[in-house]
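Here the structure is laid out as structure tokens; the discussion comes afterwards.
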Amino acid sequence: ASGHVVVQPFAGNSGPSPLPGLGRAEERESAITGLSYSALRADTLAACDSAGNLQVWDVRALRHLCRFPGAHAGAARAMSFSMQNSDLLISGGSDSQLCFWDVNSGSQIREVAVESSIASLSYHSDGFYLAAGMSDGSALIYDLRMLVKVSKALPATPVHRFAQHQLGRGGSGSGAATAGLRALAFAPREASVSISDALVAAAAAGRRPV
């Protein structure tokens, strides 16, 4: 829960290498909630934390590429790099916002509201679809081409909705609201979402994995 990220080689004699943090007292690190490597830039790693901050590093050079303090109003829970655009990172969090970032220029591209808090994200390899695991246990699929024209006053409309793990379908409990659908992933070169039923159902229902 220190908010520090360390690169630990598993081969050779090199020891662990801490990555630089946010650095300023007013941007003090919080517990890391997610890590994501870019599939197109092998040395690029992003992290999000419970205070809503995002950091992106070049792990070979052990330096920041960019930082986004206060990227989300609340905990940042998930990130996914584009499978087509090496500069694009998408993040989501408890503020029910999808945020699009240019990691090359260190700037925000756009912000899109969704219907509830986001717990996980997965980018489809064709570059058009984004899956979001929500705090209520549902999985929503967005067509990114349609988000360009979305009104900021209304939540974006998904093109597909999967409710197999949604609250009320598999159980309830105090852990359900905070857990949500914490893991999901598109199958490689497939149009469907691949979900680990035992782990995700347990997280969505607030129960221990079976």
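Simple scheme: letters A, B, ... for chains in structure tokens order, numbers from 1 for residues in each chain, numbers from 1 for ligands in the order shown.
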Tell me, as a PyMOL selection string, which residues lie within 12 Å of Leu40 (chain A), counting only C-alpha atoms; anything in the same chain fewer than 6 positions away does not count.
chain A and resi 80-89+125
Shortest interatomic distance to Leu45 (chain A) - which of A:Leu65, A:Ala183, A:Ala75, A:Ala131, counting only C-alpha atoms
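For Leu45 (chain A), the nearest of the given residues is A:Leu65.
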I'd like the contact shell of Tyr142 (chain A) - 9 Å cut-off, only C-alpha atoms, skipping same-chain residues fewer than 2 positions apart - returned as a VMD selection string.
chain A and resid 128 to 132 140 144 to 147 156 to 160
With only C-alpha atoms as the basis for distance, which of A:Cys99, A:Ala153, A:Ala139, A:Ala163 is at the shortest distance from Ala73 (chain A)?
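Under the stated criterion, the closest residue is A:Cys99.
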Which residue gives the smallest distance to Ile118 (chain A) among A:Pro188, A:Gly3, A:Gly180, A:Gly21, with only C-alpha atoms counted?
A:Gly180
Can you tell me, as a PyMOL selection string, which residues in region 56-151 of chain A count as strand (DSSP E) by DSSP?
chain A and resi 56-58+63-68+76-81+88-93+97-102+107-113+118-123+129-134+139-143
Would you mind exporting N, CA and C atoms of the selected residues as a compact mmCIF listing (two decimals), in the first residue's frame?
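Contents of out24.txt, as written:
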# COMPACT_ATOMS: atom_id res chain seq x y z
N VAL A 56 3.04 6.93 -15.96
CA VAL A 56 3.51 6.12 -17.10
C VAL A 56 5.02 6.23 -17.15
N TRP A 57 5.70 5.08 -17.23
CA TRP A 57 7.16 5.06 -17.20
C TRP A 57 7.75 4.37 -18.43
N ASP A 58 8.98 4.73 -18.73
CA ASP A 58 9.88 3.93 -19.55
C ASP A 58 10.67 3.09 -18.56
N ARG A 63 12.41 6.06 -15.90
CA ARG A 63 11.98 7.46 -15.83
C ARG A 63 10.52 7.58 -16.24
N HIS A 64 9.91 8.67 -15.79
CA HIS A 64 8.54 8.95 -16.20
C HIS A 64 8.47 9.35 -17.68
N LEU A 65 7.45 8.85 -18.37
CA LEU A 65 7.08 9.41 -19.66
C LEU A 65 6.06 10.53 -19.46
N CYS A 66 5.15 10.31 -18.52
CA CYS A 66 4.17 11.34 -18.16
C CYS A 66 3.52 10.97 -16.84
N ARG A 67 2.88 11.97 -16.22
CA ARG A 67 2.14 11.79 -14.98
C ARG A 67 0.83 12.54 -15.09
N PHE A 68 -0.22 11.96 -14.50
CA PHE A 68 -1.53 12.62 -14.49
C PHE A 68 -2.07 12.60 -13.06
N ALA A 76 -8.72 5.42 -9.18
CA ALA A 76 -8.56 4.91 -10.55
C ALA A 76 -8.41 3.40 -10.43
N ARG A 77 -9.25 2.66 -11.12
CA ARG A 77 -9.30 1.21 -10.92
C ARG A 77 -8.73 0.39 -12.07
N ALA A 78 -8.69 0.95 -13.27
CA ALA A 78 -8.33 0.12 -14.42
C ALA A 78 -7.72 0.96 -15.52
N MET A 79 -6.86 0.33 -16.33
CA MET A 79 -6.24 0.97 -17.48
C MET A 79 -6.09 -0.05 -18.59
N SER A 80 -6.06 0.44 -19.82
CA SER A 80 -5.79 -0.43 -20.96
C SER A 80 -5.15 0.40 -22.07
N PHE A 81 -4.00 -0.06 -22.55
CA PHE A 81 -3.37 0.58 -23.69
C PHE A 81 -4.06 0.13 -24.97
N LEU A 88 -1.95 5.83 -27.08
CA LEU A 88 -3.25 5.94 -26.42
C LEU A 88 -3.38 5.01 -25.22
N LEU A 89 -3.74 5.61 -24.08
CA LEU A 89 -4.04 4.89 -22.84
C LEU A 89 -5.44 5.30 -22.39
N ILE A 90 -6.24 4.32 -21.99
CA ILE A 90 -7.59 4.59 -21.47
C ILE A 90 -7.63 4.15 -20.01
N SER A 91 -8.22 4.99 -19.16
CA SER A 91 -8.35 4.65 -17.75
C SER A 91 -9.80 4.79 -17.31
N GLY A 92 -10.13 4.10 -16.23
CA GLY A 92 -11.47 4.18 -15.66
C GLY A 92 -11.40 4.08 -14.16
N GLY A 93 -12.44 4.59 -13.48
CA GLY A 93 -12.39 4.56 -12.04
C GLY A 93 -13.73 4.70 -11.37
N GLN A 97 -16.02 7.53 -15.06
CA GLN A 97 -15.49 8.21 -16.23
C GLN A 97 -14.47 7.32 -16.95
N LEU A 98 -14.57 7.32 -18.27
CA LEU A 98 -13.52 6.78 -19.12
C LEU A 98 -12.66 7.95 -19.58
N CYS A 99 -11.38 7.91 -19.30
CA CYS A 99 -10.49 9.01 -19.69
C CYS A 99 -9.48 8.51 -20.72
N PHE A 100 -9.31 9.29 -21.78
CA PHE A 100 -8.42 8.95 -22.88
C PHE A 100 -7.19 9.85 -22.81
N TRP A 101 -6.00 9.24 -22.82
CA TRP A 101 -4.75 9.97 -22.61
C TRP A 101 -3.78 9.74 -23.75
N ASP A 102 -3.05 10.79 -24.12
CA ASP A 102 -1.95 10.70 -25.06
C ASP A 102 -0.66 10.66 -24.24
N SER A 107 -1.02 14.50 -22.38
CA SER A 107 -2.25 15.31 -22.31
C SER A 107 -3.48 14.42 -22.37
N GLN A 108 -4.59 14.97 -21.87
CA GLN A 108 -5.87 14.27 -21.95
C GLN A 108 -6.51 14.55 -23.30
N ILE A 109 -7.06 13.51 -23.93
CA ILE A 109 -7.72 13.64 -25.22
C ILE A 109 -9.20 13.93 -25.03
N ARG A 110 -9.85 13.09 -24.22
CA ARG A 110 -11.26 13.31 -23.93
C ARG A 110 -11.66 12.55 -22.68
N GLU A 111 -12.85 12.84 -22.20
CA GLU A 111 -13.42 12.19 -21.03
C GLU A 111 -14.86 11.82 -21.37
N VAL A 112 -15.23 10.58 -21.08
CA VAL A 112 -16.56 10.09 -21.42
C VAL A 112 -17.21 9.50 -20.18
N ALA A 113 -18.42 9.93 -19.85
CA ALA A 113 -19.15 9.40 -18.72
C ALA A 113 -19.77 8.06 -19.06
N ILE A 118 -16.22 2.01 -12.69
CA ILE A 118 -15.50 1.03 -13.52
C ILE A 118 -14.50 0.27 -12.64
N ALA A 119 -14.50 -1.07 -12.80
CA ALA A 119 -13.59 -1.91 -12.02
C ALA A 119 -12.49 -2.54 -12.86
N SER A 120 -12.70 -2.67 -14.18
CA SER A 120 -11.69 -3.30 -15.05
C SER A 120 -11.92 -2.87 -16.49
N LEU A 121 -10.88 -2.98 -17.31
CA LEU A 121 -10.95 -2.61 -18.72
C LEU A 121 -10.16 -3.61 -19.56
N SER A 122 -10.62 -3.81 -20.80
CA SER A 122 -9.87 -4.63 -21.75
C SER A 122 -10.09 -4.07 -23.15
N TYR A 123 -9.00 -3.89 -23.88
CA TYR A 123 -9.04 -3.33 -25.23
C TYR A 123 -9.00 -4.46 -26.25
N TYR A 129 -13.08 -1.77 -30.08
CA TYR A 129 -13.96 -2.10 -28.95
C TYR A 129 -13.21 -2.07 -27.62
N LEU A 130 -13.92 -1.61 -26.60
CA LEU A 130 -13.39 -1.57 -25.24
C LEU A 130 -14.41 -2.22 -24.32
N ALA A 131 -13.96 -3.20 -23.52
CA ALA A 131 -14.82 -3.85 -22.53
C ALA A 131 -14.56 -3.22 -21.17
N ALA A 132 -15.64 -2.95 -20.44
CA ALA A 132 -15.53 -2.37 -19.10
C ALA A 132 -16.27 -3.26 -18.12
N GLY A 133 -15.57 -3.71 -17.09
CA GLY A 133 -16.20 -4.41 -15.98
C GLY A 133 -16.68 -3.38 -14.98
N MET A 134 -17.95 -3.45 -14.61
CA MET A 134 -18.56 -2.40 -13.80
C MET A 134 -18.69 -2.81 -12.33
N ALA A 139 -20.74 -6.44 -17.52
CA ALA A 139 -19.67 -6.16 -18.48
C ALA A 139 -20.29 -5.41 -19.66
N LEU A 140 -19.76 -4.23 -19.96
CA LEU A 140 -20.28 -3.40 -21.04
C LEU A 140 -19.23 -3.28 -22.14
N ILE A 141 -19.68 -3.38 -23.39
CA ILE A 141 -18.78 -3.26 -24.54
C ILE A 141 -19.10 -1.96 -25.26
N TYR A 142 -18.08 -1.13 -25.43
CA TYR A 142 -18.25 0.15 -26.12
C TYR A 142 -17.53 0.12 -27.46
N ASP A 143 -18.16 0.70 -28.47
CA ASP A 143 -17.53 0.93 -29.76
C ASP A 143 -16.89 2.32 -29.68
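Restricting the calculation to only C-alpha atoms, the smallest distance between Ala185 (chain A) and any of A:His72, A:His124, A:Arg161, A:Arg60 is found for A:His124.
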What's the separation between CA of Gly34 (chain A) and CA of Leu62 (chain A), in Å to one decimal place?
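CA of Leu62 (chain A) lies 18.5 Å from CA of Gly34 (chain A).
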What's the 9 Å shell around Pro16 (chain A), counting only C-alpha atoms, without same-chain residues fewer than 6 positions away, as a PDB file with N, CA and C atoms, in the first residue's frame?
ATOM      1  N   VAL A   6       8.110  -1.194  -8.318  1.00  0.00           N
ATOM      2  CA  VAL A   6       9.489  -1.675  -8.406  1.00  0.00           C
ATOM      3  C   VAL A   6       9.592  -2.672  -9.552  1.00  0.00           C
ATOM      4  N   VAL A   7      10.606  -2.499 -10.394  1.00  0.00           N
ATOM      5  CA  VAL A   7      10.894  -3.461 -11.459  1.00  0.00           C
ATOM      6  C   VAL A   7      11.836  -4.507 -10.893  1.00  0.00           C
ATOM      7  N   GLN A   8      11.412  -5.773 -10.916  1.00  0.00           N
ATOM      8  CA  GLN A   8      12.192  -6.862 -10.340  1.00  0.00           C
ATOM      9  C   GLN A   8      12.584  -7.860 -11.423  1.00  0.00           C
ATOM     10  N   PRO A   9      13.836  -7.834 -11.899  1.00  0.00           N
ATOM     11  CA  PRO A   9      14.267  -8.833 -12.898  1.00  0.00           C
ATOM     12  C   PRO A   9      14.205 -10.237 -12.310  1.00  0.00           C
TER      13      PRO A   9
END
Nearest-residue call for Asp95 (chain A), choices A:Ala51, A:Leu35, A:Val59, A:Ala187, using only C-alpha atoms:
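Ranked by minimum distance to Asp95 (chain A), first place goes to A:Ala51.
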